[in-house]
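Peer 1: What follows is my_file_15.cif, mmCIF, C-alpha atoms and all ligand atoms.
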data_work
loop_
_atom_site.label_atom_id
_atom_site.label_comp_id
_atom_site.auth_asym_id
_atom_site.auth_seq_id
_atom_site.Cartn_x
_atom_site.Cartn_y
_atom_site.Cartn_z
CA MET A 1 -8.30 8.21 -32.48
CA GLY A 2 -11.96 8.03 -33.39
CA GLU A 3 -14.37 10.83 -32.64
CA VAL A 4 -15.95 10.77 -29.22
CA THR A 5 -19.56 9.70 -29.76
CA VAL A 6 -20.78 8.75 -26.30
CA ARG A 7 -19.93 9.82 -22.79
CA LEU A 8 -19.54 7.49 -19.81
CA ASP A 9 -22.91 8.64 -18.50
CA ASP A 10 -24.61 7.48 -21.71
CA LEU A 11 -23.53 3.87 -21.15
CA PRO A 12 -25.51 1.37 -19.05
CA LEU A 13 -22.96 1.64 -16.23
CA ARG A 14 -23.78 0.19 -12.78
CA ASP A 15 -25.67 2.86 -10.83
CA ASP A 16 -23.28 2.61 -7.90
CA LEU A 17 -20.29 3.39 -10.13
CA ARG A 18 -21.78 6.59 -11.53
CA GLY A 19 -19.90 9.67 -10.38
CA MET A 20 -16.86 7.71 -9.18
CA THR A 21 -13.38 8.90 -10.18
CA PRO A 22 -10.63 6.40 -11.00
CA TYR A 23 -7.33 6.25 -9.10
CA GLY A 24 -5.13 8.76 -10.86
CA ALA A 25 -1.85 9.89 -9.34
CA PRO A 26 -0.23 11.93 -12.15
CA GLN A 27 2.40 9.94 -14.12
CA ALA A 28 4.54 12.77 -15.48
CA ALA A 29 8.07 12.17 -16.78
CA LEU A 30 9.81 14.67 -14.50
CA PRO A 31 13.50 14.31 -13.57
CA VAL A 32 12.66 13.88 -9.86
CA ALA A 33 9.50 11.80 -9.29
CA LEU A 34 8.70 11.53 -5.57
CA ASN A 35 4.91 11.24 -5.73
CA VAL A 36 3.85 7.59 -5.37
CA ASN A 37 6.16 6.26 -2.62
CA GLU A 38 8.16 4.04 -4.92
CA ASN A 39 11.64 2.92 -3.94
CA THR A 40 13.60 5.17 -6.33
CA HIS A 41 16.72 2.98 -6.12
CA PRO A 42 16.92 0.49 -9.00
CA VAL A 43 17.12 -3.27 -8.36
CA PRO A 44 20.81 -4.07 -7.63
CA SER A 45 22.41 -5.50 -10.77
CA GLU A 46 23.50 -8.83 -9.25
CA VAL A 47 19.90 -9.45 -8.24
CA ALA A 48 18.60 -8.26 -11.60
CA ASP A 49 20.79 -10.88 -13.34
CA ASP A 50 19.33 -13.64 -11.18
CA ILE A 51 15.77 -12.45 -11.77
CA LEU A 52 16.41 -12.38 -15.51
CA ASP A 53 17.69 -15.98 -15.44
CA ALA A 54 14.60 -17.08 -13.52
CA ILE A 55 12.30 -15.32 -15.99
CA ALA A 56 14.19 -16.88 -18.91
CA ARG A 57 13.68 -20.37 -17.45
CA ALA A 58 9.98 -19.70 -16.81
CA LEU A 59 9.58 -18.45 -20.36
CA ARG A 60 10.48 -21.90 -21.75
CA ASP A 61 7.30 -23.30 -20.15
CA VAL A 62 5.08 -20.33 -20.83
CA ASN A 63 2.95 -22.39 -23.23
CA ARG A 64 1.55 -24.06 -20.08
CA TYR A 65 -0.58 -22.42 -17.38
CA PRO A 66 1.46 -21.53 -14.29
CA ASP A 67 1.22 -23.23 -10.87
CA ARG A 68 -2.24 -22.03 -9.81
CA GLU A 69 -1.20 -22.28 -6.16
CA PHE A 70 2.16 -20.46 -6.66
CA THR A 71 3.55 -22.88 -4.10
CA GLY A 72 7.21 -21.88 -4.32
CA LEU A 73 6.41 -18.20 -4.01
CA ARG A 74 4.16 -18.77 -0.98
CA GLU A 75 6.97 -20.70 0.68
CA ALA A 76 9.37 -17.84 -0.03
CA PHE A 77 6.97 -15.31 1.53
CA ALA A 78 6.46 -17.54 4.60
CA ASP A 79 10.26 -17.72 5.03
CA TYR A 80 10.59 -13.98 4.61
CA LEU A 81 7.89 -13.19 7.19
CA GLY A 82 9.26 -15.72 9.70
CA ASN A 83 7.29 -16.04 12.96
CA GLY A 84 6.76 -19.73 12.23
CA LEU A 85 4.40 -19.04 9.30
CA THR A 86 3.85 -21.73 6.68
CA ARG A 87 2.75 -21.48 3.06
CA GLU A 88 -0.84 -22.46 4.00
CA GLN A 89 -1.06 -19.05 5.70
CA ILE A 90 0.14 -17.06 2.67
CA TRP A 91 -1.70 -15.58 -0.30
CA ALA A 92 -0.37 -13.38 -3.11
CA ALA A 93 -1.64 -11.44 -6.12
CA ASN A 94 -0.72 -8.75 -8.63
CA GLY A 95 0.04 -6.02 -6.11
CA SER A 96 -1.45 -5.79 -2.65
CA ASN A 97 -4.28 -3.87 -4.28
CA GLU A 98 -5.42 -7.15 -5.85
CA VAL A 99 -4.89 -8.92 -2.53
CA LEU A 100 -7.22 -6.35 -0.91
CA GLN A 101 -9.68 -6.76 -3.77
CA HIS A 102 -9.80 -10.52 -3.17
CA ILE A 103 -10.63 -9.92 0.51
CA LEU A 104 -13.38 -7.47 -0.43
CA GLN A 105 -14.80 -9.84 -3.05
CA ALA A 106 -14.94 -12.67 -0.51
CA PHE A 107 -16.05 -10.77 2.61
CA GLY A 108 -17.53 -7.50 1.31
CA GLY A 109 -19.81 -6.96 -1.67
CA PRO A 110 -23.39 -5.67 -1.98
CA GLY A 111 -25.14 -5.05 1.35
CA ARG A 112 -21.90 -5.03 3.32
CA ARG A 113 -19.75 -2.20 4.67
CA ALA A 114 -16.02 -1.57 4.99
CA LEU A 115 -14.60 1.01 7.39
CA GLY A 116 -11.30 2.89 7.38
CA PHE A 117 -9.85 5.72 9.47
CA THR A 118 -9.41 8.78 7.26
CA PRO A 119 -7.25 10.28 5.94
CA THR A 120 -6.00 6.90 4.79
CA TYR A 121 -5.03 5.03 1.62
CA SER A 122 -7.17 6.37 -1.24
CA MET A 123 -7.65 2.90 -2.76
CA TYR A 124 -9.67 1.55 0.19
CA PRO A 125 -12.90 3.38 -0.74
CA ILE A 126 -12.34 2.75 -4.46
CA LEU A 127 -11.85 -1.01 -3.98
CA THR A 128 -14.74 -1.16 -1.51
CA ARG A 129 -17.23 0.56 -3.82
CA ALA A 130 -16.00 -1.17 -6.97
CA THR A 131 -16.81 -4.52 -5.35
CA GLY A 132 -20.29 -3.29 -4.40
CA ALA A 133 -19.89 -2.56 -0.69
CA GLU A 134 -20.43 0.70 1.19
CA TRP A 135 -17.47 2.75 2.45
CA VAL A 136 -17.60 4.11 5.99
CA ALA A 137 -15.14 6.92 6.79
CA ALA A 138 -14.17 6.85 10.46
CA GLU A 139 -11.99 9.49 12.13
CA ARG A 140 -8.49 9.90 13.53
CA GLU A 141 -7.30 12.32 16.19
CA HIS A 142 -6.18 15.75 14.96
CA ASP A 143 -2.55 14.62 14.77
CA TYR A 144 -3.70 11.54 12.73
CA THR A 145 -2.94 9.11 15.55
CA LEU A 146 -5.43 6.43 16.59
CA SER A 147 -5.84 5.24 20.18
CA PRO A 148 -7.29 1.79 20.96
CA ALA A 149 -10.45 3.25 22.56
CA PHE A 150 -11.05 5.87 19.84
CA ALA A 151 -10.74 3.23 17.10
CA ALA A 152 -12.74 0.52 18.89
CA ASP A 153 -15.59 2.89 19.80
CA GLN A 154 -16.11 3.83 16.16
CA VAL A 155 -16.04 0.18 15.08
CA VAL A 156 -18.66 -0.67 17.73
CA ARG A 157 -20.84 2.23 16.57
CA GLU A 158 -20.62 1.42 12.84
CA ASN A 159 -20.46 -2.39 13.08
CA PRO A 160 -18.75 -2.85 9.68
CA ASP A 161 -18.04 -6.20 7.99
CA ILE A 162 -14.44 -5.22 7.20
CA VAL A 163 -12.05 -2.83 8.98
CA PHE A 164 -8.93 -1.39 7.30
CA LEU A 165 -6.02 -0.47 9.57
CA CYS A 166 -3.09 1.01 7.65
CA ALA A 167 0.06 0.48 9.72
CA PRO A 168 1.90 2.79 9.34
CA ASN A 169 -0.71 4.95 7.66
CA ASN A 170 -0.59 6.37 4.14
CA PRO A 171 -0.74 9.35 3.44
CA THR A 172 0.15 10.56 6.94
CA GLY A 173 3.07 8.23 7.87
CA THR A 174 1.57 7.69 11.33
CA PRO A 175 2.59 4.56 13.28
CA LEU A 176 -0.15 2.27 14.62
CA GLY A 177 0.27 0.30 17.84
CA LEU A 178 -0.54 -3.40 18.05
CA ASP A 179 -2.84 -2.46 20.94
CA VAL A 180 -5.14 -0.70 18.44
CA ILE A 181 -5.34 -3.85 16.32
CA GLU A 182 -6.09 -5.99 19.38
CA ALA A 183 -8.78 -3.56 20.56
CA VAL A 184 -10.49 -3.39 17.17
CA TYR A 185 -10.36 -7.16 16.66
CA ALA A 186 -11.94 -7.71 20.06
CA VAL A 187 -15.04 -5.62 19.27
CA THR A 188 -15.88 -6.86 15.76
CA ASP A 189 -17.07 -10.11 14.19
CA GLY A 190 -15.80 -8.87 10.85
CA ILE A 191 -12.51 -9.11 8.99
CA VAL A 192 -9.68 -6.87 10.23
CA ILE A 193 -7.11 -6.00 7.55
CA VAL A 194 -3.78 -4.59 8.72
CA ASP A 195 -2.05 -3.09 5.68
CA GLU A 196 1.69 -3.17 6.37
CA ALA A 197 2.79 -1.84 2.97
CA TYR A 198 5.48 0.28 4.67
CA HIS A 199 6.44 -2.00 7.56
CA GLU A 200 10.09 -2.36 6.47
CA PHE A 201 10.60 1.41 6.94
CA ALA A 202 9.48 1.33 10.59
CA PRO A 203 12.07 1.11 13.40
CA HIS A 204 13.72 -2.33 13.31
CA ASP A 205 12.25 -3.31 16.69
CA ALA A 206 8.67 -2.36 15.77
CA PRO A 207 6.58 -5.56 15.95
CA SER A 208 4.49 -6.65 12.97
CA ALA A 209 0.80 -7.55 13.23
CA VAL A 210 1.94 -10.96 11.97
CA THR A 211 2.75 -11.66 15.64
CA LEU A 212 -0.98 -11.32 16.42
CA LEU A 213 -2.23 -13.91 13.90
CA ALA A 214 -2.31 -16.93 16.23
CA GLY A 215 -5.85 -17.35 17.59
CA ARG A 216 -7.26 -14.55 15.40
CA PRO A 217 -8.75 -16.24 12.32
CA ARG A 218 -10.38 -13.01 11.06
CA LEU A 219 -7.13 -11.03 11.06
CA VAL A 220 -5.29 -10.40 7.77
CA VAL A 221 -1.85 -8.80 7.43
CA SER A 222 -1.13 -7.53 3.92
CA ARG A 223 2.27 -6.58 2.54
CA THR A 224 3.71 -5.52 -0.80
CA MET A 225 6.95 -5.82 -2.75
CA SER A 226 6.20 -2.41 -4.31
CA LYS A 227 7.84 -0.20 -1.69
CA ALA A 228 10.80 -1.52 0.34
CA PHE A 229 11.56 -4.25 -2.24
CA ALA A 230 11.90 -1.83 -5.19
CA PHE A 231 9.49 -4.03 -7.17
CA ALA A 232 6.52 -1.74 -7.94
CA GLY A 233 6.63 -2.48 -11.67
CA ALA A 234 6.45 -6.24 -11.15
CA ARG A 235 3.10 -5.98 -9.27
CA VAL A 236 3.44 -8.38 -6.36
CA GLY A 237 1.57 -8.13 -3.06
CA TYR A 238 0.85 -10.80 -0.44
CA LEU A 239 -0.84 -11.46 2.88
CA ALA A 240 -0.66 -13.71 5.89
CA ALA A 241 -3.82 -15.06 7.55
CA ASP A 242 -5.50 -18.23 8.78
CA PRO A 243 -5.57 -21.05 6.15
CA ALA A 244 -9.39 -21.02 6.23
CA LEU A 245 -9.47 -17.34 5.29
CA ILE A 246 -7.15 -18.09 2.40
CA ASP A 247 -9.55 -20.81 1.22
CA ALA A 248 -12.18 -18.04 0.96
CA LEU A 249 -9.89 -16.07 -1.38
CA ARG A 250 -9.57 -19.09 -3.69
CA LEU A 251 -13.33 -18.71 -4.37
CA VAL A 252 -12.91 -15.28 -5.96
CA ARG A 253 -9.47 -15.23 -7.60
CA LEU A 254 -9.22 -15.72 -11.34
CA PRO A 255 -7.64 -19.02 -12.32
CA TYR A 256 -3.85 -18.70 -12.71
CA HIS A 257 -3.99 -15.04 -11.63
CA LEU A 258 -0.24 -14.87 -10.94
CA SER A 259 1.65 -15.35 -14.19
CA ALA A 260 4.59 -17.75 -14.42
CA LEU A 261 6.85 -14.77 -15.14
CA THR A 262 5.63 -12.89 -12.06
CA GLN A 263 6.08 -15.96 -9.87
CA ALA A 264 9.59 -16.52 -11.19
CA ALA A 265 10.64 -12.88 -10.78
CA ALA A 266 9.24 -12.52 -7.27
CA THR A 267 10.67 -15.84 -6.03
CA ALA A 268 14.10 -14.92 -7.38
CA ALA A 269 13.94 -11.46 -5.79
CA LEU A 270 12.95 -12.94 -2.41
CA GLY A 271 16.01 -15.16 -2.59
CA HIS A 272 17.98 -11.91 -2.32
CA ALA A 273 15.79 -10.23 0.28
CA GLU A 274 18.73 -8.86 2.20
CA THR A 275 20.27 -7.15 -0.85
CA MET A 276 16.87 -5.96 -2.08
CA LEU A 277 16.25 -4.35 1.31
CA SER A 278 19.76 -2.94 1.71
CA MET A 279 18.59 0.53 0.65
CA VAL A 280 15.90 0.77 3.30
CA ASP A 281 18.17 2.32 5.94
CA GLU A 282 19.44 4.86 3.41
CA ILE A 283 15.86 5.78 2.45
CA VAL A 284 14.93 6.14 6.14
CA ALA A 285 17.91 8.50 6.57
CA GLN A 286 16.64 10.62 3.65
CA ARG A 287 13.11 10.59 5.13
CA ASP A 288 14.43 11.92 8.43
CA ARG A 289 16.46 14.53 6.56
CA ILE A 290 13.27 15.68 4.81
CA SER A 291 11.43 15.95 8.13
CA ALA A 292 14.20 18.00 9.74
CA THR A 293 14.71 20.27 6.73
CA VAL A 294 11.05 21.05 6.00
CA ALA A 295 10.63 21.87 9.70
CA ALA A 296 13.60 24.25 9.47
CA LEU A 297 11.86 25.87 6.48
CA GLY A 298 8.82 26.56 8.69
CA TYR A 299 6.56 23.65 7.75
CA VAL A 300 5.19 21.00 10.10
CA ALA A 301 6.52 17.48 9.43
CA HIS A 302 4.29 14.70 10.72
CA GLU A 303 5.97 11.72 12.38
CA SER A 304 6.62 9.06 9.72
CA TRP A 305 7.44 5.36 9.92
CA THR A 306 7.26 5.09 6.13
CA ASN A 307 9.33 6.16 3.11
CA PHE A 308 7.50 9.48 2.80
CA VAL A 309 6.74 12.62 4.78
CA LEU A 310 3.45 14.50 5.06
CA PHE A 311 4.10 18.13 5.85
CA GLY A 312 1.64 20.83 6.84
CA GLY A 313 1.68 24.60 7.08
CA VAL A 314 1.48 24.99 3.29
CA ASP A 315 -0.61 28.08 2.56
CA ASP A 316 -1.57 27.02 -0.95
CA PRO A 317 -0.71 23.35 -1.65
CA ALA A 318 -1.74 23.54 -5.33
CA ALA A 319 0.55 26.53 -5.90
CA THR A 320 3.51 24.95 -4.10
CA TRP A 321 2.92 21.67 -5.95
CA LYS A 322 2.97 23.54 -9.27
CA ALA A 323 6.06 25.57 -8.36
CA LEU A 324 7.91 22.33 -7.56
CA TYR A 325 6.60 20.76 -10.78
CA ASP A 326 8.00 23.68 -12.74
CA ARG A 327 11.37 22.99 -11.08
CA GLY A 328 11.24 19.33 -12.25
CA VAL A 329 10.12 17.84 -8.93
CA LEU A 330 6.91 15.81 -8.73
CA ILE A 331 5.35 15.33 -5.27
CA ARG A 332 1.76 14.60 -4.19
CA ASP A 333 -1.15 16.79 -3.23
CA VAL A 334 -3.20 14.24 -1.29
CA GLY A 335 -6.12 16.61 -0.77
CA ILE A 336 -5.49 17.33 2.91
CA PRO A 337 -5.88 21.11 3.36
CA HIS A 338 -2.52 22.91 3.77
CA HIS A 339 -0.52 19.68 3.34
CA LEU A 340 1.69 17.99 0.76
CA ARG A 341 3.34 14.55 0.73
CA VAL A 342 6.80 13.72 -0.59
CA THR A 343 8.55 10.37 -1.01
CA ALA A 344 12.12 9.97 0.26
CA GLY A 345 14.29 9.40 -2.83
CA THR A 346 17.99 8.91 -3.30
CA ALA A 347 20.23 11.47 -1.58
CA ASP A 348 20.44 13.47 -4.84
CA GLU A 349 16.69 13.39 -5.50
CA THR A 350 16.00 14.39 -1.91
CA THR A 351 18.45 17.28 -2.19
CA ALA A 352 16.76 18.37 -5.43
CA PHE A 353 13.38 18.40 -3.67
CA LEU A 354 14.64 20.24 -0.59
CA ASP A 355 16.49 22.86 -2.69
CA ALA A 356 13.42 23.37 -4.87
CA LEU A 357 11.16 23.73 -1.83
CA ALA A 358 13.55 26.26 -0.27
CA SER A 359 13.62 28.26 -3.52
CA VAL A 360 9.81 28.31 -3.66
CA GLY A 361 10.02 30.28 -0.43
CA SER A 362 8.95 28.94 2.89
CA ARG A 363 5.18 28.61 3.22
CA ALA A 364 4.60 29.73 -0.40
C1 LIG B 401 1.57 1.59 -2.07
C2 LIG B 401 0.55 0.99 -1.16
C3 LIG B 401 0.11 -0.32 -1.36
C4 LIG B 401 0.74 -1.15 -2.42
O1 LIG B 401 0.03 -1.35 -3.53
P1 LIG B 401 0.55 -2.42 -4.59
O2 LIG B 401 -0.70 -2.78 -5.28
O3 LIG B 401 1.14 -3.57 -3.83
O4 LIG B 401 1.57 -1.74 -5.44
C5 LIG B 401 -0.80 -0.87 -0.48
N1 LIG B 401 -1.25 -0.17 0.58
C6 LIG B 401 -0.83 1.08 0.81
C7 LIG B 401 -1.31 1.79 2.00
C8 LIG B 401 0.07 1.70 -0.06
O5 LIG B 401 0.46 2.95 0.17
#
What's the structure tokens form of this structure?
Ligand SMILES: *Cc1c(COP(=O)(O)O)cnc(C)c1O

Peer 2:
Amino acid sequence: MGEVTVRLDDLPLRDDLRGMTPYGAPQAALPVALNVNENTHPVPSEVADDILDAIARALRDVNRYPDREFTGLREAFADYLGNGLTREQIWAANGSNEVLQHILQAFGGPGRRALGFTPTYSMYPILTRATGAEWVAAEREHDYTLSPAFAADQVVRENPDIVFLCAPNNPTGTPLGLDVIEAVYAVTDGIVIVDEAYHEFAPHDAPSAVTLLAGRPRLVVSRTMSKAFAFAGARVGYLAADPALIDALRLVRLPYHLSALTQAAATAALGHAETMLSMVDEIVAQRDRISATVAALGYVAHESWTNFVLFGGVDDPAATWKALYDRGVLIRDVGIPHHLRVTAGTADETTAFLDALASVGSRA
């Protein structure tokens, strides 16, 4: 490594990026890593074999640019989402973070504002500001829920160009009713993004915002393969929206942004959606076990429709986080006073977390 000669502040950085901190969940190689809501179950081996075959075939043509319109993959996502969707209504990118970035590039940018209900996904303000728009932090109720009137009133007051609704919400796990989405959509002329990154972990009869798309051309429903699909390392996210909105995203995407290898891997994985999702019920069972056990230890578990649990009543989150770290268990301090967040892992990982938390002493 060369000597450090300049600091970031010495460079001619954009003024609006000065003072920003990058996304930075710790990536430590601990035996039990339950900090970034991954699916900790590996891809089932019969599916892995199929994905490998698909990647091998794609590799033979890798001298050529890939299908810029990733047609086969969009068809596979339309099939997966059902509800009569067609590939014209589907977009995809390298993780739903890039999908969100495309929306912000097309509909946000300098002079515009994007609003979210905090605490919510930490990438919303980062993506908003990095694309030149202003971030507006709206509020939730004290239990992190959001009623239609409370949400719509704030949208009317702030009049943003883009509204983020995280359903269910990260980092709190809180469900969001379709009535909130309808109420917010009705009072804005802007884009309404419903981020359903954790939808597969919600009760099976919970309706998706995809059912609201008809007649709402400014509504976007984003999804990811990173969580339920156990595909975080492949970087694949997608959305469903009106075909005209998707035409707007074509203006800002880089040419051939989804590599041939990514398209091949994701299409093959979607062909095994049922097997890929077979662990979801097991993860939900571990999530509910976490909620019940942390409550028995004297903490407050917030209702979760996701693969993680936010728990409160932690006297000193940094100290508890470190005590768990020292016991080989990595969870997340999301910066909410007296709270920590833990991902539901395999049964063994979950047991390791719960045992470690109990040994730290309740309300350490
Ligand atoms: C994990 C997560 C995502 C997914 O990001 P990818 O870029 O698809 O890995 C999106 N939204 C929320 C709220 C998340 O928690």

Peer 1: Using only C-alpha atoms, which of the listed residues (A:Thr172, A:Ser45, A:Thr275, A:Thr131) sits closest to Ala106 of chain A?

Peer 2: A:Thr131

Peer 1: Can I get the residues close to ligand LIG 401 (chain B) as a list in words, where close means within 7 Å and we count all atoms listed in the file?

Peer 2: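 My answer, listing the contacting residues, is Asn37, Asn94, Gly95, Ser96, Asn97, Glu98, Tyr121, Cys166, Asn169, Asn170, Asp195, Ala197, Thr224, Met225, Ser226, Lys227, Ala232, Arg235, Val236 and Gly237 of chain A.
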
Peer 1: For Arg157 of chain A, find every residue with an atom within 12 Å (counting all atoms listed in the file), except residues of its own chain fewer than 4 positions away, and show them as a list in words.

Peer 2: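 Everything that qualifies: Leu115, Val136, Ala138, Phe150, Ala151, Ala152, Asp153, Val184, Val187 and Thr188 of chain A.
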
Peer 1: For Ala323 of chain A, find every residue with an atom within 10 Å (counting only C-alpha atoms), except residues of its own chain fewer than 6 positions away, and show them as a list in words.

Peer 2: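 Within the cut-off, the hits are Pro317, Val329, Leu330, Ala356, Leu357, Ser359, Val360 and Ala364 of chain A.
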
Peer 1: Which residue is closest to Ala358 of chain A? Choose from A:Gly298, A:Pro168, A:Gly111, A:Pro203 and count all atoms listed in the file.

Peer 2: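 Going through A:Gly298, A:Pro168, A:Gly111, A:Pro203 one by one, the smallest distance to Ala358 of chain A is for A:Gly298.
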
Peer 1: So how many Å separate atom CA of Tyr299 of chain A and atom CA of Ala230 of chain A, to one decimal?

Peer 2: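 Atom CA of Ala230 of chain A lies 29.1 Å from atom CA of Tyr299 of chain A.
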
Peer 1: Would you mind telling me which residue in A:Phe77, A:Phe311, A:Phe201, A:Tyr124 lies nearest to Ala240 of chain A when using all atoms listed in the file?

Peer 2: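 Of A:Phe77, A:Phe311, A:Phe201, A:Tyr124, the one nearest Ala240 of chain A is A:Phe77, counting all atoms listed in the file.
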
Peer 1: With all atoms listed in the file as the atoms that count, which of A:His302, A:Arg332, A:Arg18, A:Arg216 lies nearest to Ala130 of chain A?

Peer 2: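 Going through A:His302, A:Arg332, A:Arg18, A:Arg216 one by one, the smallest distance to Ala130 of chain A is for A:Arg18.
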
Peer 1: Please build the interface table for segment 226-319 of chain A against segment 139-145 of chain A with a cut-off of 12 Å, listing for each qualifying residue the nearest atom pair and the distance in Å to one decimal; count all atoms listed in the file, order rows by chain and increasing number, and write it as a tab-separated table.

Peer 2:
residue	atom	partner	partner_atom	distance
A:Val300	CA	A:Asp143	CA	11.1
A:Ala301	CA	A:Asp143	CA	10.9
A:His302	CA	A:Asp143	CA	7.9
A:Glu303	CA	A:Asp143	CA	9.3
A:Ser304	CA	A:Tyr144	CA	11.0
A:Leu310	CA	A:Tyr144	CA	10.9
A:Phe311	CA	A:Asp143	CA	11.7
A:Gly312	CA	A:Asp143	CA	10.9

Peer 1: One number please: atom CA of Gly19 of chain A to atom CA of Ile191 of chain A, in Å, one decimal.

Peer 2: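 Pair atom CA of Gly19 of chain A / atom CA of Ile191 of chain A returns 28.0 Å.
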
Peer 1: Using only C-alpha atoms, pick whichever of A:Ala248, A:Met276, A:Ala285, A:Ala149 has the shortest atom-to-atom distance to Ala228 of chain A.

Peer 2: A:Met276

Peer 1: Nearest to Thr306 of chain A: which of A:Glu38, A:Glu349, A:Asp333, A:Asp67 is it, counting all atoms listed in the file?

Peer 2: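 When distances to Thr306 of chain A are compared using all atoms listed in the file, the smallest one comes from A:Glu38.
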
Peer 1: As JSON, what would the box around segment 218-234 of chain A look like: edges along x, y and z, 5 Å added on every side, centre and edge lengths in Å to one decimal?

Peer 2:
{"center_x": 0.8, "center_y": -6.6, "center_z": -0.3, "size_x": 32.3, "size_y": 22.8, "size_z": 32.7}
